[in-house]
Amino acid sequence: MAAKKETGKTERTLFPADVNPVARIAVDNPLPHLDRPFDYLVPSRLGATARPGARVKVRFAGQYLDGFVLERAAESEFTGELAYLDKVVSPEPVLTPETSDLARAVADRYGGTLADVLRLAVPPRHAAIEKEPHEDLPRKRPDRPDPGSWKRYPAGPGFLDAVAGGRPARAAWTALPGDWPDEIARAAATCASADRGAVIVVPDGKDLARVGAALEAIGAGHVTLSADLGPAERYRRWLATLRGETLIVAGTRAAMFAPVRDLGLVVLWDDGDDLHTDPHAPYPNAREVLALRAHRARAAALLGGFARTAELTQLAASGWARPLEGDRPAVRSAAPVVRSAVTEAEFDRDPAAAAARMPVLALRTLRKALADGPVLVQVPRRGYLAVIACVRCRAKARCPACGGPLRLTGANEVPDCRWCGAIAGGWACPDCGAAKVRAVVTGADRTAEELGRAFPGVPVRNSGGSSVLQAVPEQPALVIATPGAEPFASYAAGLLLDGWALLGRPTLRAVEETMRRWMNAAALIRPGGTVLVHADPGQPVVQALIRWDPAGFSARELADRSELGFPPAVRMAAAQGTSDAVASLLSGVDSAYEILGPVPVESPESPEPAADGMLPEEEVRALIRAPRTEGTALARALQAAQAARSLRKEGGGVRVQLDPADLI
DNA sequence: GCAATGAGCGTC
DNA sequence: ACGCTCATTGCT
C-alpha cells in the first residue's frame with residue numbers, strides 16, 4: 001500500500017505505524033450511500049493511541065470529520081491510495097464492539113445509517129471528565145436478593161432463577177399493581193449477583209427516580225442516566241459504566257445503548273409509552289433495540305408494564321418471549337375495584353349529557369375516599385377549556401385568522417387560537433351569530449377549579465405539563481393530573497375523566513393508548529380502592545379495564561390489527577417529504593411492496609411562514625406495507641433507495657420511518 | 001492542436 | 001462539501 005506523498009510544502013513526511021498500520025474507521029458522514037467503513041493509514045506517532053473504539057478525526061472528501069476506529073489491521077482491501085488519519089481525539093475506547101455491532105443492527109432494522117445511530121449510542125466527549133482519576137477497584141459481587149414480591153407471579157421465581165443462572169429467559173411482563181420499581185431492582189440485582197450487567201430503561205425522570213430509589217433501598221450498586229443530568233455528569237456516569245465500575249444502569253431511552261459489561265438482563269418499563277421512541281432518525285424504539293440487544297448478547301429480557309402492547313403480545317405469540325403475569329387471585333388482591341362512572345342506562349338515555357358533566361357517583365365516591373387519603377383525578381387535557389364550541393349550534397369555535405381551534409385559558413379570559421396564537425376577542429359564531437361558547441373538552445385547570453368548589457377545604461394539587469409532581473403525601477387531597485404526570489402515592493380512589501376525548505382520537509393506537517393511560521393511573525390506587533372510569537361502559541376497553549385484563553385486551557387488539565393489516569401484524573414504513581422526493585424514493589423500492597398513498601400531510605400545528613417569508617412546500621406521506629417476516633428486507637430496500645437518491649445527489653430529503661407511531 | 005472552463009462523480 | 005477527471009468549448 002502506497003502512502004500518499006504529502007503535497008503541502010510545510011508538512012513533514014509521515015510513516016505508517018509498524019504494527020497494524022491500517023485503521024478501519026466509522027466516519028461520521030451523513031450520506032446513506034457512504035454508510036460503510038473506510039480504511040486509513042495510522043501514522044507511526046498514533047500507533048498506540050488509535051486503538052479500536054477511539055475517537056479520531058479524518059479527512060474525508062475534503063472535510064475533517066469525526067470517526068471511530070472500528071479495528072486495526074495489517075492490510076487493507078482498498079486498492080487506491082490510503083490517506084492518513086489526522087488525529088486521535090481521545091484514546092478512550094468509547095465505541096465497544098458490542099455497541100458498534102448493535103448500532104449497525106439498529107441502523108439496518110430501521111433503514112437508517114450507522115452514523116445516525118452512533119450519535120445516539122455514544123455521548124459527546126467531555127475532555128475534563130475523561131481525565132478525572134477513577135477507581136480501578138474490582139467491583140464486589142453482590143449477594144442475590146430475596147425475590148420479594150416476584151413471589152406474586154407464578155413464573156416470577158423461575159424467571160429470577162434463570163437470570164441468576166445466566167440463562168436468556170425473555171418475559172412479556174404484565175405487572176401487577178404494586179411496587180414495580182422494587183421488582184425491577186430485584187431482577188437487576190439478581191443479574192448482578194451472577195456477575196453480569198443489567199440495563200433498565202424507563203420512560204421518564206419520574207419513573208427513573210423511583211427505580212433509582214428502589215435500587216438504593218436494596219443496596220444494589222448502580223448509576224442512573226438521564227438527559228437532565230447535564231453533559232458532564234452524564235458523561236462521567238456513562239464512562240463509569242464503560243469502564244466496568246458498575247453493573248447496573250438505569251435510565252431513560254438513550255440508556256438502551258449503555259455500554260454495561262457482560263450484559264445479562266435488559267429491562268423495559270411501560271413499553272407502550274411513546275417516549276421510548278427516539279425522535280431523531282432513524283427513530284429507534286427502546287423495546288425493539290433492547291429486544292435486539294438481548295437477543296444478540298444472549299441476555300435475559302424483562303419487557304412490559306401494567307398495560308400490554310400489541311407488539312409485546314406479538315413477541316409472546318411468536319414464542320420469543322414468555323408471558324410473566326399474575327393469576328386471577330393475585331390480580332384480585334393487588335388491583336383496585338374499577339367501575340364505570342356512568343351506568344349503561346344513563347349513557348343510553350343521553351350520551352352527550354353523560355359525557356359532558358361530572359357524574360354524581362364520582363363526587364360521592366371521591367367524598368367518601370377523601371376521608372382515607374389522597375384521590376387521583378386523571379384529566380386527558382391540560383389547560384382550562386381546551387376545545388370550545390358555539391353555545392347554541394355546537395359548531396367548534398375556530399380562529400377567524402387561520403381557522404385553528406380556539407380555547408380558553410382561564411375563567412375570565414378571551415379565547416385564543418391554539419395554532420397561531422391570535423386573540424379572538426368579541427368572537428361570534430359565524431354560523432348562527434351566538435356570542436357565547438360552551439366547553440367541548442374540559443382541561444385539568446377547569447376540573448381542578450370545579451372540584452375545588454365541590455370540596456372546599458381539601459387541598460388541590462395539579463400535576464402536568466411543565467410542573468410534574470414526583471409524589472404527594474398520603475393525606476387527603478385532590479390530585480389532578482394529566483396522563484403520565486400522576487404523582488406517586490397510595491391513593492384511596494381514582495377518577496378517570498373524559499374517556500371520550502382519549503378514545504375519540506383518530507389514530508390506530510387511540511384505544512390501546514387509552515387503556516395504557518388508564519391502567520397506569522389505576523395501578524396507583526390501593527388494592528381494593530375504587531376507580532371510576534368516565535367513558536362509554538359498552539366499549540370493550542372499558543370492560544377490559546373493569547376486569548383488569550390487559551393481556552386479554554391486547555390479544556383482541558392484535559387480532560383486530562391482523563385483520564386490518566396493521567402493525568405489528570405487518571411491518572409498515574412511512575416516507576415523508578416533498579412530492580417529487582417521495583415519488584423518486586418509491587420508484588427505487590421493489591414494486592412487490594404494497595404502497596399506500598402518497599397523500600398530503602395534515603396541516604401542521606402552526607402553519608407559520610419560514611423566516612424568509614416563504615410558505616414551506618407541501619409535503620406528502622406514503623406508507624409501505626410488508627409482511628411481518630419481511631421487515632428486514634423492507635428496511636434494506638428503503639436503505640438502498642435512500643442510498644440511490646443520495647448517490648444521484650437528489651435534493652429534498654425524505655424522512656423514512658419504520659414502525660411509524662401515527663398511521664392514520 | 002490544446003488550454004480554459006464546467007459538469008459529474010467519488011469520497012479510504 | 002471538496003477536488004479530481006474528463007468532456008466540451010473556443011481560439012490558434
# chains A, B, ... in the order shown; residues from 1 in each chain; ligands from 1

$ interface_residues --of "chain A" --to "chain C" --cutoff "9 Å" --atoms "only C-alpha atoms (C1' of nucleotides)" --output "list of chain:residue names"
A:Phe60, A:Ala61, A:Gly62, A:Gln63

$ write_last_selection --atoms "C-alpha atoms" --output "short mmCIF file (atom, residue, chain, number, x, y, z; two decimals), in the first residue's frame"
data_model
loop_
_atom_site.label_atom_id
_atom_site.label_comp_id
_atom_site.auth_asym_id
_atom_site.auth_seq_id
_atom_site.Cartn_x
_atom_site.Cartn_y
_atom_site.Cartn_z
CA PHE A 60 -12.92 12.60 4.14
CA ALA A 61 -13.89 14.09 0.78
CA GLY A 62 -12.03 17.25 1.65
CA GLN A 63 -13.66 17.72 5.05
#

$ interface_residues --of "chain A" --to "chain B" --cutoff "7 Å" --atoms "only C-alpha atoms (C1' of nucleotides)" --output "ChimeraX atom specification"
/A:38-40,60-61,78,82-83

$ write_last_selection --atoms "N, CA and C atoms" --output "CSV table (one decimal), in the first residue's frame"
chain,number,residue,atom,x,y,z
A,38,PHE,N,-14.3,3.0,6.2
A,38,PHE,CA,-13.3,3.4,5.3
A,38,PHE,C,-11.9,3.2,6.0
A,39,ASP,N,-10.9,2.7,5.2
A,39,ASP,CA,-9.6,2.4,5.8
A,39,ASP,C,-8.7,3.7,5.7
A,40,TYR,N,-7.9,3.9,6.7
A,40,TYR,CA,-7.0,4.9,6.8
A,40,TYR,C,-5.6,4.4,7.3
A,60,PHE,N,-12.0,13.4,4.9
A,60,PHE,CA,-12.9,12.6,4.1
A,60,PHE,C,-13.6,13.5,3.1
A,61,ALA,N,-13.3,13.3,1.8
A,61,ALA,CA,-13.9,14.1,0.8
A,61,ALA,C,-13.6,15.6,1.0
A,78,PHE,N,-8.6,-2.0,0.2
A,78,PHE,CA,-8.7,-0.9,-0.7
A,78,PHE,C,-7.6,-0.8,-1.7
A,82,LEU,N,-4.3,5.1,0.4
A,82,LEU,CA,-4.9,5.4,1.7
A,82,LEU,C,-4.4,6.7,2.2
A,83,ALA,N,-5.3,7.5,2.8
A,83,ALA,CA,-5.0,8.7,3.5
A,83,ALA,C,-4.6,8.4,4.9

$ residues_around --residues "Ser149 of chain A" --least-positions-apart "2" --cutoff "12 Å" --atoms "only C-alpha atoms (C1' of nucleotides)" --output "PDB file with C-alpha atoms, in the first residue's frame"
ATOM      1  CA  PRO A 145     -31.505 -10.587  46.819  1.00  0.00           C
ATOM      2  CA  ASP A 146     -34.746 -12.122  48.060  1.00  0.00           C
ATOM      3  CA  PRO A 147     -37.351 -12.394  45.273  1.00  0.00           C
ATOM      4  CA  LYS A 151     -43.456 -14.402  44.512  1.00  0.00           C
ATOM      5  CA  ARG A 152     -46.827 -12.931  43.490  1.00  0.00           C
ATOM      6  CA  TYR A 153     -46.239 -14.198  39.951  1.00  0.00           C
ATOM      7  CA  PRO A 154     -46.400 -17.962  39.376  1.00  0.00           C
ATOM      8  CA  ALA A 155     -43.491 -17.702  36.936  1.00  0.00           C
ATOM      9  CA  GLY A 156     -41.646 -14.998  38.890  1.00  0.00           C
ATOM     10  CA  PRO A 157     -39.179 -17.051  40.957  1.00  0.00           C
ATOM     11  CA  LEU A 160     -35.216 -14.903  38.589  1.00  0.00           C
ATOM     12  CA  ALA A 175     -47.055  -6.117  36.068  1.00  0.00           C
ATOM     13  CA  LEU A 176     -49.435  -6.474  38.981  1.00  0.00           C
ATOM     14  CA  PRO A 177     -50.285  -3.207  40.702  1.00  0.00           C
ATOM     15  CA  GLY A 178     -47.695  -2.680  43.367  1.00  0.00           C
ATOM     16  CA  ASP A 179     -44.054  -1.789  43.778  1.00  0.00           C
ATOM     17  CA  TRP A 180     -42.803  -2.358  40.248  1.00  0.00           C
ATOM     18  CA  PRO A 181     -39.587  -0.355  40.832  1.00  0.00           C
ATOM     19  CA  ASP A 182     -38.712  -2.802  43.617  1.00  0.00           C
ATOM     20  CA  GLU A 183     -39.421  -5.748  41.327  1.00  0.00           C
ATOM     21  CA  ILE A 184     -37.184  -4.296  38.632  1.00  0.00           C
ATOM     22  CA  ALA A 185     -34.470  -3.572  41.202  1.00  0.00           C
ATOM     23  CA  ARG A 186     -34.560  -7.165  42.456  1.00  0.00           C
ATOM     24  CA  ALA A 187     -34.353  -8.585  38.955  1.00  0.00           C
ATOM     25  CA  GLY A 326     -50.253 -12.737  37.901  1.00  0.00           C
ATOM     26  CA  ALA A 330     -53.029 -12.311  42.580  1.00  0.00           C
ATOM     27  CA  ALA A 334     -53.475  -6.317  44.092  1.00  0.00           C
TER      28      ALA A 334
END

$ select_by_dssp --residues "segment 79-304 of chain A" --states "strand (DSSP E or B)" --output "number ranges by chain"
A: 82, 84, 87-90, 170-174, 197-201, 223-225, 248-251, 263-269, 277, 285, 300-304

$ write_last_selection --atoms "C-alpha atoms" --output "PDB file, in the first residue's frame"
ATOM      1  CA  LEU A  82      -4.916   5.363   1.678  1.00  0.00           C
ATOM      2  CA  TYR A  84      -3.520   9.081   6.932  1.00  0.00           C
ATOM      3  CA  LYS A  87      -5.785  13.000  14.839  1.00  0.00           C
ATOM      4  CA  VAL A  88      -6.752  10.809  17.727  1.00  0.00           C
ATOM      5  CA  VAL A  89      -9.261  12.957  19.603  1.00  0.00           C
ATOM      6  CA  SER A  90      -9.076  10.625  22.569  1.00  0.00           C
ATOM      7  CA  ARG A 170     -37.339 -13.451  27.981  1.00  0.00           C
ATOM      8  CA  ALA A 171     -40.517 -12.244  29.648  1.00  0.00           C
ATOM      9  CA  ALA A 172     -43.534 -10.336  28.351  1.00  0.00           C
ATOM     10  CA  TRP A 173     -44.288  -8.841  31.726  1.00  0.00           C
ATOM     11  CA  THR A 174     -47.763  -7.752  32.753  1.00  0.00           C
ATOM     12  CA  GLY A 197     -24.661  -6.404  33.787  1.00  0.00           C
ATOM     13  CA  ALA A 198     -28.209  -5.102  33.573  1.00  0.00           C
ATOM     14  CA  VAL A 199     -29.728  -2.240  31.586  1.00  0.00           C
ATOM     15  CA  ILE A 200     -33.023  -0.742  32.768  1.00  0.00           C
ATOM     16  CA  VAL A 201     -34.962   1.714  30.617  1.00  0.00           C
ATOM     17  CA  VAL A 223     -25.834   4.511  38.079  1.00  0.00           C
ATOM     18  CA  THR A 224     -28.750   6.390  36.579  1.00  0.00           C
ATOM     19  CA  LEU A 225     -28.531   8.096  33.217  1.00  0.00           C
ATOM     20  CA  ILE A 248     -26.482  -1.896  36.769  1.00  0.00           C
ATOM     21  CA  VAL A 249     -27.530   1.075  34.662  1.00  0.00           C
ATOM     22  CA  ALA A 250     -30.984   2.606  34.790  1.00  0.00           C
ATOM     23  CA  GLY A 251     -32.026   5.439  32.552  1.00  0.00           C
ATOM     24  CA  LEU A 263     -24.917  -7.912  29.653  1.00  0.00           C
ATOM     25  CA  GLY A 264     -27.168 -10.424  31.398  1.00  0.00           C
ATOM     26  CA  LEU A 265     -30.525  -8.646  31.520  1.00  0.00           C
ATOM     27  CA  VAL A 266     -32.421  -5.850  29.797  1.00  0.00           C
ATOM     28  CA  VAL A 267     -35.476  -4.329  31.454  1.00  0.00           C
ATOM     29  CA  LEU A 268     -38.031  -2.024  29.863  1.00  0.00           C
ATOM     30  CA  TRP A 269     -40.829  -0.446  31.824  1.00  0.00           C
ATOM     31  CA  THR A 277     -39.171   6.170  20.570  1.00  0.00           C
ATOM     32  CA  ASN A 285     -37.687   2.388  19.815  1.00  0.00           C
ATOM     33  CA  ALA A 300     -32.476 -12.207  29.596  1.00  0.00           C
ATOM     34  CA  ALA A 301     -35.220  -9.656  28.954  1.00  0.00           C
ATOM     35  CA  LEU A 302     -37.995  -8.263  31.118  1.00  0.00           C
ATOM     36  CA  LEU A 303     -40.263  -6.119  28.980  1.00  0.00           C
ATOM     37  CA  GLY A 304     -43.625  -4.763  29.964  1.00  0.00           C
TER      38      GLY A 304
END

$ select_by_dssp --residues "segment 70-116 of chain A" --states "alpha helix (DSSP H)" --output "ChimeraX atom specification"
/A:97-109,114-116

$ write_last_selection --atoms "C-alpha atoms" --output "short mmCIF file (atom, residue, chain, number, x, y, z; two decimals), in the first residue's frame"
data_model
loop_
_atom_site.label_atom_id
_atom_site.label_comp_id
_atom_site.auth_asym_id
_atom_site.auth_seq_id
_atom_site.Cartn_x
_atom_site.Cartn_y
_atom_site.Cartn_z
CA PRO A 97 -17.51 -3.92 19.55
CA GLU A 98 -20.87 -4.75 21.15
CA THR A 99 -22.10 -1.18 20.70
CA SER A 100 -20.85 -0.88 17.16
CA ASP A 101 -22.43 -4.20 16.15
CA LEU A 102 -25.67 -3.26 17.88
CA ALA A 103 -25.70 0.18 16.25
CA ARG A 104 -25.21 -1.45 12.86
CA ALA A 105 -28.09 -3.83 13.55
CA VAL A 106 -30.32 -0.97 14.70
CA ALA A 107 -29.48 1.07 11.60
CA ASP A 108 -30.33 -1.93 9.44
CA ARG A 109 -33.53 -2.60 11.39
CA LEU A 114 -24.70 3.83 11.34
CA ALA A 115 -23.60 7.44 11.89
CA ASP A 116 -27.10 8.44 13.00
#

$ residues_around --residues "Arg253 of chain A" --least-positions-apart "4" --cutoff "10 Å" --atoms "only C-alpha atoms (C1' of nucleotides)" --output "ChimeraX atom specification"
/A:120,200-204,225-227,257-258,268,275-278,284-287,289

$ decode --residues "chain B" --atoms "C-alpha atoms (C1' of nucleotides)" --output "short mmCIF file (atom, residue, chain, number, x, y, z; two decimals), in the first residue's frame"
data_model
loop_
_atom_site.label_atom_id
_atom_site.label_comp_id
_atom_site.auth_asym_id
_atom_site.auth_seq_id
_atom_site.Cartn_x
_atom_site.Cartn_y
_atom_site.Cartn_z
"C1'" DG B 1 -3.92 21.05 -31.51
"C1'" DC B 2 -4.54 22.45 -26.99
"C1'" DA B 3 -5.56 25.48 -22.82
"C1'" DA B 4 -9.60 27.05 -20.29
"C1'" DT B 5 -13.81 26.05 -18.28
"C1'" DG B 6 -17.56 23.31 -16.02
"C1'" DA B 7 -20.34 19.16 -15.12
"C1'" DG B 8 -20.23 14.83 -12.79
"C1'" DC B 9 -18.68 11.62 -9.73
"C1'" DG B 10 -16.35 9.56 -5.76
"C1'" DT B 11 -15.20 10.13 -1.27
"C1'" DC B 12 -10.06 5.36 2.05
#
